[in-house]
Amino acid sequence: MKVELREIYKYFGPVRANDGISLSVEPGTIHGLLGENGAGKSTLMKVLSGYLSADRGEILLDGRPVRFSSPAQAIARGVGMLHQDPLDFPALTVLDNFLLGSPGSLFPNRARARRELERLAARFDFHLDPQTPLSALSIGERQQLEILRLLWLGAQVLILDEPTTAISAQQKEKLFAALRRLAEQGRTVIFVSHKLQEVEELCDRVTVLARGRVAGEAEMPCPTACLVEMMFGQAVPQGKRPAVPLGEVVLALEGLTVSDWRVEVRGLSLEVRAGEVIGLAGLEGSGQRLVLQACAGLRRPDAGRVLLAGKDMTGRPYEHFLASGVAYMPAGRLEEGLIAGMTLTEHVALAGRDRAFLVDWKAAAEEAARRIQKFNIKGRPETPVEELSGGNQQRTLLGLLPPGLKVLLMEHPTRGLDLESTEYIWGLLQKRTEEGTAILFTSADLDELLDRSDRLLVFCAGRTQLLEARRTSVQQLGERIGGKGFDR
Amino acid sequence: MDRQTQDWLLRLMGVGLALLLSALILLALGVSPLEAVVLLFHGALGTPGDLAAVLTAWVPVLLCSAGLLLTYSSGLWNIGIEGQIVMGAVFTTGMLRLVQDLLPPPLALVLGALAGLVGGTLWAVLAGLLRLYGNVSEIFGGLGLNFVAGSLVVYLVTGPWSRPGTGTTSGTIPFPPSLWLPAFPGFAVSPVELALALVALVLVGIALRGTHFGLRLKAIGKNLRSAFLLGVPVNRYLLAAFALCGALAGLAGWILVVGASARHNLFPLISSGYGFLAILVVLLANLNALWVLPISFFFAAISMGSLELVYERQLDSAVGSAIQGLLVLSVLLTQGLQRRLLEKRAGREKARPPTEEEPAAD
């Protein structure tokens, strides 16, 4: 099915997410949509798939104009979208999720749906047990299920929004293979990403968006430098971590054992020195979050001790950790970090942990304006945080951290951010380490782990291993994450 | 049509809808709606005595609304407020019984007020502790505690505090006039009551708007997890919100015992649904302390005015509550419609192509 978008406009308040975008995608091809964060990629695709309605503009499928006012209408016409964060129901089983959203009877034919699911899964070499609750699946598996569901509903046009951010390398290979097959069968695939490498590997043609407009189009293959220039105007160099002289031991774990219902990290010992950066590598849910939370005082260890600057903090409440100079930045920016419905000024006043009784709103607004400038946040003191783009939310979170931290714990500090934002955020973090802050961070991006860390703590199903970042190659790291080199 | 006209039309529509539905109910009961309005108005504001009755009802609603602004903004549904009023009244009565023969009346009244504050606070903190450490939603905990408080009153009134010789549920022995709050001459409302209620509302308004306490409460209400990670001691603040709301409800309980037009004793159902009424008020005022003032007055007027209607036309006493309920539903419906239209309009206005003068947003 041929997809044409003509002069699409979509504004959110003063933000021009789509500012007259026209795009044409041929059937049987994989079309890349490239652009930095906030370039308008997701918005455009949500318009195409009926989640948002455009303020102005036209959508044509095979030359016929269509109007969608809901995703259900879009999928009925064969347009299905796979969202960045899966929109599914973790409490229900795989089969229930598969059935959800299917049109038709009050009493679905479960046996038939199950056969369909198994048939489709086999075709793409996906392994999904229909009876497993979705909460037990990885993000990658949930994505696979969503793709099957959309195909079952008759999707001719499949839109994938940043599908590779939270899945393993293996799952990525499977996903790409599946997409190639779909294109061969004549389906239209639109692949939204800000990862150049993936777009180069997968796509037949690429459209680059910047600031809500089309910045350029190219047939693949096309030189990387050319794409980067379309995205950013100029090439941004990737930075290796400059060495920082390390100080005293600020964080020490002694025989730490932490667990949740899925995984147990047993007997981890680690000493982290001031200014040091430790990258926590491993597949999602291998125990990295448990260790970070134990270091932040958010999870009580089953055994072992957590010491901050030599002081035993085991079992103390989170407030004591905060007071000792520990900060924790979880992955969900609007879930566990910022407060939707509150402005930047209010966040500044809140994070100041001021002992005064009355809020000095004027001072708070001025402080907010200063941080906006210092952290290069695209917003105003009175902007509610939910109106900021992901990168700007991340900068805001960094801007709210108190000065002089001893230990900074971060989950996926640059997930979903473009190259420029990533560089900027690591620049800020580098400065922190020069001031003596130790950083522990998780990431799914192997290059980021290798480039930004001094040492790597690799997790595999709760077991851990320490590596020197400088003496490790991407290949070695990938093997370790996959479980090689751990004694069974 | 510009936006303001549209907003006003919508509001008028909301009120119109409420009136229409109320009229239908009245017609079904065989009462002419016009006549009912006259009776309502007359009942509420016809004589100084009627107005005094409205003000008497207004004070506890205002106190409870002030307290509920705190819990509501921290994301709590303090349904237990009725029980907190009752416990305020129970503690007040207990304290007055203890000290009425020992201390001069003004001192006894002050001690009674303190006891009322403590009673309401205790009951609210109990609901808070159940929520924080017992994993019991404050809605269900509050409902349960309401029943317990009600049963406690029945037990006290028929048992240890019963009138000598009788065991009825009509209430304890009324306190002597020396323990009544002083009223305006010929106008049975005490300036003390009015002043307390207004001061409470002003203080809560200031707390929510201008203090770190209020800011943190609102942060908790909007996103508890984020507020906690940002370093807000969430449990302490939630308990504080409960405690303050309970204290204000307890104070309302005190006024329901010693107020100028009160019955001056403890009796079952002493809270008279004022707490629930305050929940509706706060819901309509949408966290705006200023709006609480007229809305709560209006509700108090309907409550009192409908008594006359009920009496004159021999209707069921639930008519007043039914009208109030319809009003709340209609207003909430209007607010919902307004939001929808606003979103649509925002979409349309943005659809204009940018002109040269407008600088491009970054």
# chains A, B, ... in the order shown; residues from 1 in each chain; ligands from 1

call {"tool": "residues_around", "arguments": {"residues": "Phe175 (chain B)", "least_positions_apart": "5", "cutoff": "10 Å", "atoms": "only C-alpha atoms", "output": "VMD selection string"}}
result
chain B and resid 93 96 to 97 100 180 257 to 258 263 to 266

call {"tool": "write_last_selection", "arguments": {"atoms": "C-alpha atoms", "output": "CSV table (one decimal), in the first residue's frame"}}
result
chain,number,residue,atom,x,y,z
B,93,THR,CA,-18.7,16.2,75.0
B,96,LEU,CA,-17.1,19.2,78.8
B,97,ARG,CA,-18.8,16.6,81.0
B,100,GLN,CA,-18.1,21.8,83.3
B,180,TRP,CA,-23.0,27.8,74.4
B,257,VAL,CA,-22.0,20.6,70.1
B,258,VAL,CA,-21.4,24.1,71.5
B,263,ARG,CA,-28.6,21.1,70.1
B,264,HIS,CA,-25.8,21.4,72.8
B,265,ASN,CA,-25.5,17.7,73.3
B,266,LEU,CA,-24.1,14.6,71.6

call {"tool": "interface_residues", "arguments": {"of": "chain A", "to": "chain B", "cutoff": "6 Å", "atoms": "only C-alpha atoms", "output": "number ranges by chain"}}
result
A: 11, 55-56, 336-339, 351, 357-359

call {"tool": "atom_distance", "arguments": {"atom1": "CA of Gly159 (chain B)", "atom2": "CA of Ala108 (chain B)"}}
result
23.8 Å

call {"tool": "atom_distance", "arguments": {"atom1": "CA of Ile21 (chain A)", "atom2": "CA of Gln84 (chain A)"}}
result
21.1 Å

call {"tool": "residues_around", "arguments": {"residues": "Leu322 (chain A)", "least_positions_apart": "2", "cutoff": "10 Å", "atoms": "only C-alpha atoms", "output": "CSV table (one decimal) with N, CA and C atoms, in the first residue's frame"}}
result
chain,number,residue,atom,x,y,z
A,296,ALA,N,21.0,3.2,46.5
A,296,ALA,CA,20.3,4.4,46.8
A,296,ALA,C,19.5,4.3,48.1
A,297,GLY,N,19.5,3.2,48.7
A,297,GLY,CA,18.7,3.0,49.9
A,297,GLY,C,17.2,2.8,49.6
A,317,PRO,N,17.1,4.5,55.9
A,317,PRO,CA,16.0,5.0,54.9
A,317,PRO,C,16.7,5.9,53.8
A,318,TYR,N,15.9,5.9,52.7
A,318,TYR,CA,16.3,6.7,51.5
A,318,TYR,C,16.7,8.1,51.9
A,319,GLU,N,16.0,8.7,52.8
A,319,GLU,CA,16.3,10.1,53.2
A,319,GLU,C,17.8,10.3,53.7
A,320,HIS,N,18.3,9.3,54.4
A,320,HIS,CA,19.7,9.4,54.9
A,320,HIS,C,20.6,9.3,53.7
A,324,SER,N,23.3,12.0,52.5
A,324,SER,CA,24.8,11.7,52.4
A,324,SER,C,25.3,12.0,51.0
A,325,GLY,N,24.5,12.6,50.2
A,325,GLY,CA,25.0,12.9,48.8
A,325,GLY,C,24.8,11.9,47.8
A,326,VAL,N,23.8,11.1,47.9
A,326,VAL,CA,23.4,10.1,46.9
A,326,VAL,C,22.2,10.6,46.1
A,327,ALA,N,22.2,10.4,44.8
A,327,ALA,CA,21.1,10.8,44.0
A,327,ALA,C,20.8,9.6,43.0
A,328,TYR,N,19.5,9.4,42.8
A,328,TYR,CA,19.1,8.3,42.0
A,328,TYR,C,18.2,8.8,40.9
A,402,PRO,N,21.2,18.2,43.2
A,402,PRO,CA,21.9,19.1,44.1
A,402,PRO,C,23.4,19.1,43.7
A,405,LEU,N,27.5,16.1,44.7
A,405,LEU,CA,27.0,14.8,45.0
A,405,LEU,C,28.2,13.9,45.1
A,406,LYS,N,28.0,12.9,46.0
A,406,LYS,CA,29.1,11.8,46.1
A,406,LYS,C,28.9,10.7,45.1
A,407,VAL,N,27.6,10.3,45.0
A,407,VAL,CA,27.3,9.2,44.1
A,407,VAL,C,26.1,9.5,43.4
B,229,LEU,N,11.1,10.4,45.4
B,229,LEU,CA,12.5,10.4,44.9
B,229,LEU,C,13.2,11.8,44.9
B,230,LEU,N,12.4,12.8,44.8
B,230,LEU,CA,12.9,14.2,44.9
B,230,LEU,C,13.2,14.6,46.3
B,231,GLY,N,12.9,13.7,47.3
B,231,GLY,CA,13.3,13.9,48.7
B,231,GLY,C,12.2,14.4,49.6

call {"tool": "select_by_dssp", "arguments": {"residues": "region 288-377 of chain A", "states": "strand (DSSP E)", "output": "list in words"}}
result
Ala303, Gly304, Arg305, Val306, Leu307, Leu308, Lys311, Asp312, Val326, Ala327, Tyr328 and Met329 of chain A

call {"tool": "write_last_selection", "arguments": {"atoms": "N, CA and C atoms", "output": "CSV table (one decimal), in the first residue's frame"}}
result
chain,number,residue,atom,x,y,z
A,303,ALA,N,21.5,-9.4,52.3
A,303,ALA,CA,22.7,-9.7,53.1
A,303,ALA,C,23.8,-8.7,52.6
A,304,GLY,N,24.9,-8.5,53.4
A,304,GLY,CA,25.9,-7.7,53.0
A,304,GLY,C,25.7,-6.2,53.5
A,305,ARG,N,26.7,-5.4,53.1
A,305,ARG,CA,26.7,-4.0,53.6
A,305,ARG,C,26.9,-3.0,52.4
A,306,VAL,N,26.3,-1.8,52.6
A,306,VAL,CA,26.5,-0.7,51.7
A,306,VAL,C,27.2,0.4,52.5
A,307,LEU,N,28.3,0.8,52.1
A,307,LEU,CA,29.0,1.9,52.8
A,307,LEU,C,29.2,3.1,51.9
A,308,LEU,N,28.9,4.3,52.5
A,308,LEU,CA,29.1,5.5,51.8
A,308,LEU,C,30.2,6.3,52.5
A,311,LYS,N,31.0,5.0,55.8
A,311,LYS,CA,30.0,4.9,56.8
A,311,LYS,C,29.0,3.8,56.4
A,312,ASP,N,28.7,2.9,57.4
A,312,ASP,CA,27.7,1.8,57.1
A,312,ASP,C,26.3,2.4,57.0
A,326,VAL,N,23.8,11.1,47.9
A,326,VAL,CA,23.4,10.1,46.9
A,326,VAL,C,22.2,10.6,46.1
A,327,ALA,N,22.2,10.4,44.8
A,327,ALA,CA,21.1,10.8,44.0
A,327,ALA,C,20.8,9.6,43.0
A,328,TYR,N,19.5,9.4,42.8
A,328,TYR,CA,19.1,8.3,42.0
A,328,TYR,C,18.2,8.8,40.9
A,329,MET,N,18.5,8.5,39.6
A,329,MET,CA,17.7,8.9,38.5
A,329,MET,C,17.2,7.7,37.7

call {"tool": "select_by_dssp", "arguments": {"residues": "region 71-204 of chain B", "states": "helix (DSSP H, G or I)", "output": "PyMOL selection string"}}
result
chain B and resi 71-73+81-99+105-133+138-158+177-179+191-204

call {"tool": "residues_around", "arguments": {"residues": "Val189 (chain B)", "least_positions_apart": "5", "cutoff": "12 Å", "atoms": "only C-alpha atoms", "output": "PyMOL selection string"}}
result
chain B and resi 48-59+180-184+194-195+255-256+258-262

call {"tool": "closest_residue", "arguments": {"among": "A:Val3, A:Ile139, A:Ile190, A:Met81", "to": "Leu151 (chain A)", "atoms": "only C-alpha atoms"}}
result
A:Met81

call {"tool": "atom_distance", "arguments": {"atom1": "CA of Gln465 (chain A)", "atom2": "CA of Ser269 (chain A)"}}
result
10.3 Å

call {"tool": "decode", "arguments": {"residues": "region 170-303 of chain B", "atoms": "C-alpha atoms", "output": "PDB file, in the first residue's frame"}}
result
ATOM      1  CA  SER B 170     -32.170  11.126  71.535  1.00  0.00           C
ATOM      2  CA  GLY B 171     -28.837  12.260  72.931  1.00  0.00           C
ATOM      3  CA  THR B 172     -27.000  13.206  76.073  1.00  0.00           C
ATOM      4  CA  ILE B 173     -28.226  15.821  78.541  1.00  0.00           C
ATOM      5  CA  PRO B 174     -27.897  19.239  76.875  1.00  0.00           C
ATOM      6  CA  PHE B 175     -25.190  21.494  78.282  1.00  0.00           C
ATOM      7  CA  PRO B 176     -26.289  24.670  80.078  1.00  0.00           C
ATOM      8  CA  PRO B 177     -26.371  27.984  78.130  1.00  0.00           C
ATOM      9  CA  SER B 178     -23.147  29.073  79.826  1.00  0.00           C
ATOM     10  CA  LEU B 179     -21.415  26.509  77.611  1.00  0.00           C
ATOM     11  CA  TRP B 180     -22.975  27.816  74.379  1.00  0.00           C
ATOM     12  CA  LEU B 181     -20.956  30.010  72.081  1.00  0.00           C
ATOM     13  CA  PRO B 182     -22.128  33.612  72.427  1.00  0.00           C
ATOM     14  CA  ALA B 183     -24.432  34.663  69.598  1.00  0.00           C
ATOM     15  CA  PHE B 184     -25.323  38.003  68.040  1.00  0.00           C
ATOM     16  CA  PRO B 185     -28.369  39.360  69.828  1.00  0.00           C
ATOM     17  CA  GLY B 186     -31.462  38.158  67.985  1.00  0.00           C
ATOM     18  CA  PHE B 187     -29.384  36.263  65.428  1.00  0.00           C
ATOM     19  CA  ALA B 188     -28.432  32.792  66.584  1.00  0.00           C
ATOM     20  CA  VAL B 189     -24.983  32.539  65.015  1.00  0.00           C
ATOM     21  CA  SER B 190     -21.796  33.036  66.953  1.00  0.00           C
ATOM     22  CA  PRO B 191     -19.165  35.362  65.516  1.00  0.00           C
ATOM     23  CA  VAL B 192     -16.621  32.911  66.945  1.00  0.00           C
ATOM     24  CA  GLU B 193     -17.899  30.155  64.648  1.00  0.00           C
ATOM     25  CA  LEU B 194     -17.868  32.330  61.565  1.00  0.00           C
ATOM     26  CA  ALA B 195     -14.447  33.755  62.319  1.00  0.00           C
ATOM     27  CA  LEU B 196     -12.914  30.324  62.946  1.00  0.00           C
ATOM     28  CA  ALA B 197     -14.281  28.913  59.690  1.00  0.00           C
ATOM     29  CA  LEU B 198     -13.135  31.872  57.593  1.00  0.00           C
ATOM     30  CA  VAL B 199      -9.681  31.971  59.201  1.00  0.00           C
ATOM     31  CA  ALA B 200      -9.288  28.240  58.597  1.00  0.00           C
ATOM     32  CA  LEU B 201     -10.107  28.615  54.918  1.00  0.00           C
ATOM     33  CA  VAL B 202      -7.761  31.586  54.471  1.00  0.00           C
ATOM     34  CA  LEU B 203      -4.914  29.766  56.202  1.00  0.00           C
ATOM     35  CA  VAL B 204      -5.394  26.664  54.058  1.00  0.00           C
ATOM     36  CA  GLY B 205      -5.541  28.848  50.942  1.00  0.00           C
ATOM     37  CA  ILE B 206      -2.252  30.483  51.853  1.00  0.00           C
ATOM     38  CA  ALA B 207      -0.663  27.167  52.768  1.00  0.00           C
ATOM     39  CA  LEU B 208      -1.513  25.650  49.399  1.00  0.00           C
ATOM     40  CA  ARG B 209      -0.463  28.640  47.365  1.00  0.00           C
ATOM     41  CA  GLY B 210       2.580  29.981  49.067  1.00  0.00           C
ATOM     42  CA  THR B 211       4.276  27.470  51.330  1.00  0.00           C
ATOM     43  CA  HIS B 212       6.679  24.616  50.799  1.00  0.00           C
ATOM     44  CA  PHE B 213       4.248  22.478  52.753  1.00  0.00           C
ATOM     45  CA  GLY B 214       1.504  23.119  50.195  1.00  0.00           C
ATOM     46  CA  LEU B 215       3.840  22.679  47.233  1.00  0.00           C
ATOM     47  CA  ARG B 216       5.013  19.314  48.563  1.00  0.00           C
ATOM     48  CA  LEU B 217       1.454  18.169  49.231  1.00  0.00           C
ATOM     49  CA  LYS B 218       0.503  19.020  45.662  1.00  0.00           C
ATOM     50  CA  ALA B 219       3.587  17.237  44.351  1.00  0.00           C
ATOM     51  CA  ILE B 220       2.598  14.116  46.273  1.00  0.00           C
ATOM     52  CA  GLY B 221      -0.929  14.376  44.908  1.00  0.00           C
ATOM     53  CA  LYS B 222       0.284  14.549  41.329  1.00  0.00           C
ATOM     54  CA  ASN B 223       3.028  11.937  41.480  1.00  0.00           C
ATOM     55  CA  LEU B 224       3.823  10.243  44.746  1.00  0.00           C
ATOM     56  CA  ARG B 225       6.791   8.256  43.442  1.00  0.00           C
ATOM     57  CA  SER B 226       8.523  11.253  41.868  1.00  0.00           C
ATOM     58  CA  ALA B 227       7.898  13.394  44.952  1.00  0.00           C
ATOM     59  CA  PHE B 228       9.458  10.688  47.115  1.00  0.00           C
ATOM     60  CA  LEU B 229      12.533  10.388  44.895  1.00  0.00           C
ATOM     61  CA  LEU B 230      12.914  14.168  44.898  1.00  0.00           C
ATOM     62  CA  GLY B 231      13.275  13.906  48.660  1.00  0.00           C
ATOM     63  CA  VAL B 232       9.792  14.743  49.947  1.00  0.00           C
ATOM     64  CA  PRO B 233       9.119  12.710  53.111  1.00  0.00           C
ATOM     65  CA  VAL B 234       5.879  11.418  51.626  1.00  0.00           C
ATOM     66  CA  ASN B 235       4.497   9.451  54.580  1.00  0.00           C
ATOM     67  CA  ARG B 236       5.000  12.290  56.996  1.00  0.00           C
ATOM     68  CA  TYR B 237       3.278  14.761  54.688  1.00  0.00           C
ATOM     69  CA  LEU B 238       0.357  12.460  53.975  1.00  0.00           C
ATOM     70  CA  LEU B 239      -0.142  11.926  57.697  1.00  0.00           C
ATOM     71  CA  ALA B 240       0.077  15.692  58.224  1.00  0.00           C
ATOM     72  CA  ALA B 241      -2.621  16.252  55.599  1.00  0.00           C
ATOM     73  CA  PHE B 242      -4.836  13.679  57.303  1.00  0.00           C
ATOM     74  CA  ALA B 243      -4.143  15.147  60.743  1.00  0.00           C
ATOM     75  CA  LEU B 244      -4.877  18.739  59.723  1.00  0.00           C
ATOM     76  CA  CYS B 245      -8.045  17.757  57.915  1.00  0.00           C
ATOM     77  CA  GLY B 246      -9.116  15.718  60.932  1.00  0.00           C
ATOM     78  CA  ALA B 247      -8.364  18.620  63.243  1.00  0.00           C
ATOM     79  CA  LEU B 248     -10.587  20.952  61.234  1.00  0.00           C
ATOM     80  CA  ALA B 249     -13.326  18.313  61.106  1.00  0.00           C
ATOM     81  CA  GLY B 250     -12.962  17.881  64.865  1.00  0.00           C
ATOM     82  CA  LEU B 251     -13.352  21.600  65.293  1.00  0.00           C
ATOM     83  CA  ALA B 252     -16.557  21.359  63.242  1.00  0.00           C
ATOM     84  CA  GLY B 253     -17.640  18.646  65.670  1.00  0.00           C
ATOM     85  CA  TRP B 254     -16.992  20.988  68.569  1.00  0.00           C
ATOM     86  CA  ILE B 255     -19.156  23.670  66.943  1.00  0.00           C
ATOM     87  CA  LEU B 256     -21.925  21.132  66.359  1.00  0.00           C
ATOM     88  CA  VAL B 257     -21.995  20.615  70.142  1.00  0.00           C
ATOM     89  CA  VAL B 258     -21.440  24.122  71.500  1.00  0.00           C
ATOM     90  CA  GLY B 259     -22.512  26.337  68.555  1.00  0.00           C
ATOM     91  CA  ALA B 260     -25.105  29.011  69.176  1.00  0.00           C
ATOM     92  CA  SER B 261     -27.846  27.119  67.305  1.00  0.00           C
ATOM     93  CA  ALA B 262     -26.616  23.615  68.068  1.00  0.00           C
ATOM     94  CA  ARG B 263     -28.555  21.088  70.107  1.00  0.00           C
ATOM     95  CA  HIS B 264     -25.834  21.380  72.751  1.00  0.00           C
ATOM     96  CA  ASN B 265     -25.507  17.691  73.282  1.00  0.00           C
ATOM     97  CA  LEU B 266     -24.137  14.587  71.642  1.00  0.00           C
ATOM     98  CA  PHE B 267     -26.623  12.600  69.569  1.00  0.00           C
ATOM     99  CA  PRO B 268     -26.396  10.007  66.792  1.00  0.00           C
ATOM    100  CA  LEU B 269     -25.848  11.403  63.285  1.00  0.00           C
ATOM    101  CA  ILE B 270     -24.564  14.654  64.789  1.00  0.00           C
ATOM    102  CA  SER B 271     -22.378  15.162  61.685  1.00  0.00           C
ATOM    103  CA  SER B 272     -25.593  15.558  59.597  1.00  0.00           C
ATOM    104  CA  GLY B 273     -23.778  14.775  56.345  1.00  0.00           C
ATOM    105  CA  TYR B 274     -21.826  18.048  56.454  1.00  0.00           C
ATOM    106  CA  GLY B 275     -18.611  16.149  55.751  1.00  0.00           C
ATOM    107  CA  PHE B 276     -20.005  14.537  52.617  1.00  0.00           C
ATOM    108  CA  LEU B 277     -21.405  17.889  51.541  1.00  0.00           C
ATOM    109  CA  ALA B 278     -17.909  19.364  51.938  1.00  0.00           C
ATOM    110  CA  ILE B 279     -16.497  16.636  49.683  1.00  0.00           C
ATOM    111  CA  LEU B 280     -18.878  17.797  46.951  1.00  0.00           C
ATOM    112  CA  VAL B 281     -17.920  21.421  47.596  1.00  0.00           C
ATOM    113  CA  VAL B 282     -14.196  20.712  47.198  1.00  0.00           C
ATOM    114  CA  LEU B 283     -14.860  18.637  44.108  1.00  0.00           C
ATOM    115  CA  LEU B 284     -16.714  21.547  42.491  1.00  0.00           C
ATOM    116  CA  ALA B 285     -14.232  24.173  43.649  1.00  0.00           C
ATOM    117  CA  ASN B 286     -11.507  22.110  41.992  1.00  0.00           C
ATOM    118  CA  LEU B 287      -8.853  22.928  44.608  1.00  0.00           C
ATOM    119  CA  ASN B 288      -9.559  26.651  44.484  1.00  0.00           C
ATOM    120  CA  ALA B 289      -9.952  27.938  48.046  1.00  0.00           C
ATOM    121  CA  LEU B 290     -11.722  31.084  46.894  1.00  0.00           C
ATOM    122  CA  TRP B 291     -14.480  29.198  45.114  1.00  0.00           C
ATOM    123  CA  VAL B 292     -15.133  27.149  48.244  1.00  0.00           C
ATOM    124  CA  LEU B 293     -16.697  30.206  49.851  1.00  0.00           C
ATOM    125  CA  PRO B 294     -19.708  30.805  47.544  1.00  0.00           C
ATOM    126  CA  ILE B 295     -20.206  27.138  46.687  1.00  0.00           C
ATOM    127  CA  SER B 296     -20.392  26.033  50.303  1.00  0.00           C
ATOM    128  CA  PHE B 297     -22.738  28.899  51.112  1.00  0.00           C
ATOM    129  CA  PHE B 298     -25.010  27.929  48.252  1.00  0.00           C
ATOM    130  CA  PHE B 299     -25.093  24.325  49.395  1.00  0.00           C
ATOM    131  CA  ALA B 300     -25.852  25.326  52.955  1.00  0.00           C
ATOM    132  CA  ALA B 301     -28.680  27.527  51.657  1.00  0.00           C
ATOM    133  CA  ILE B 302     -30.192  24.667  49.647  1.00  0.00           C
ATOM    134  CA  SER B 303     -29.919  22.329  52.632  1.00  0.00           C
TER     135      SER B 303
END
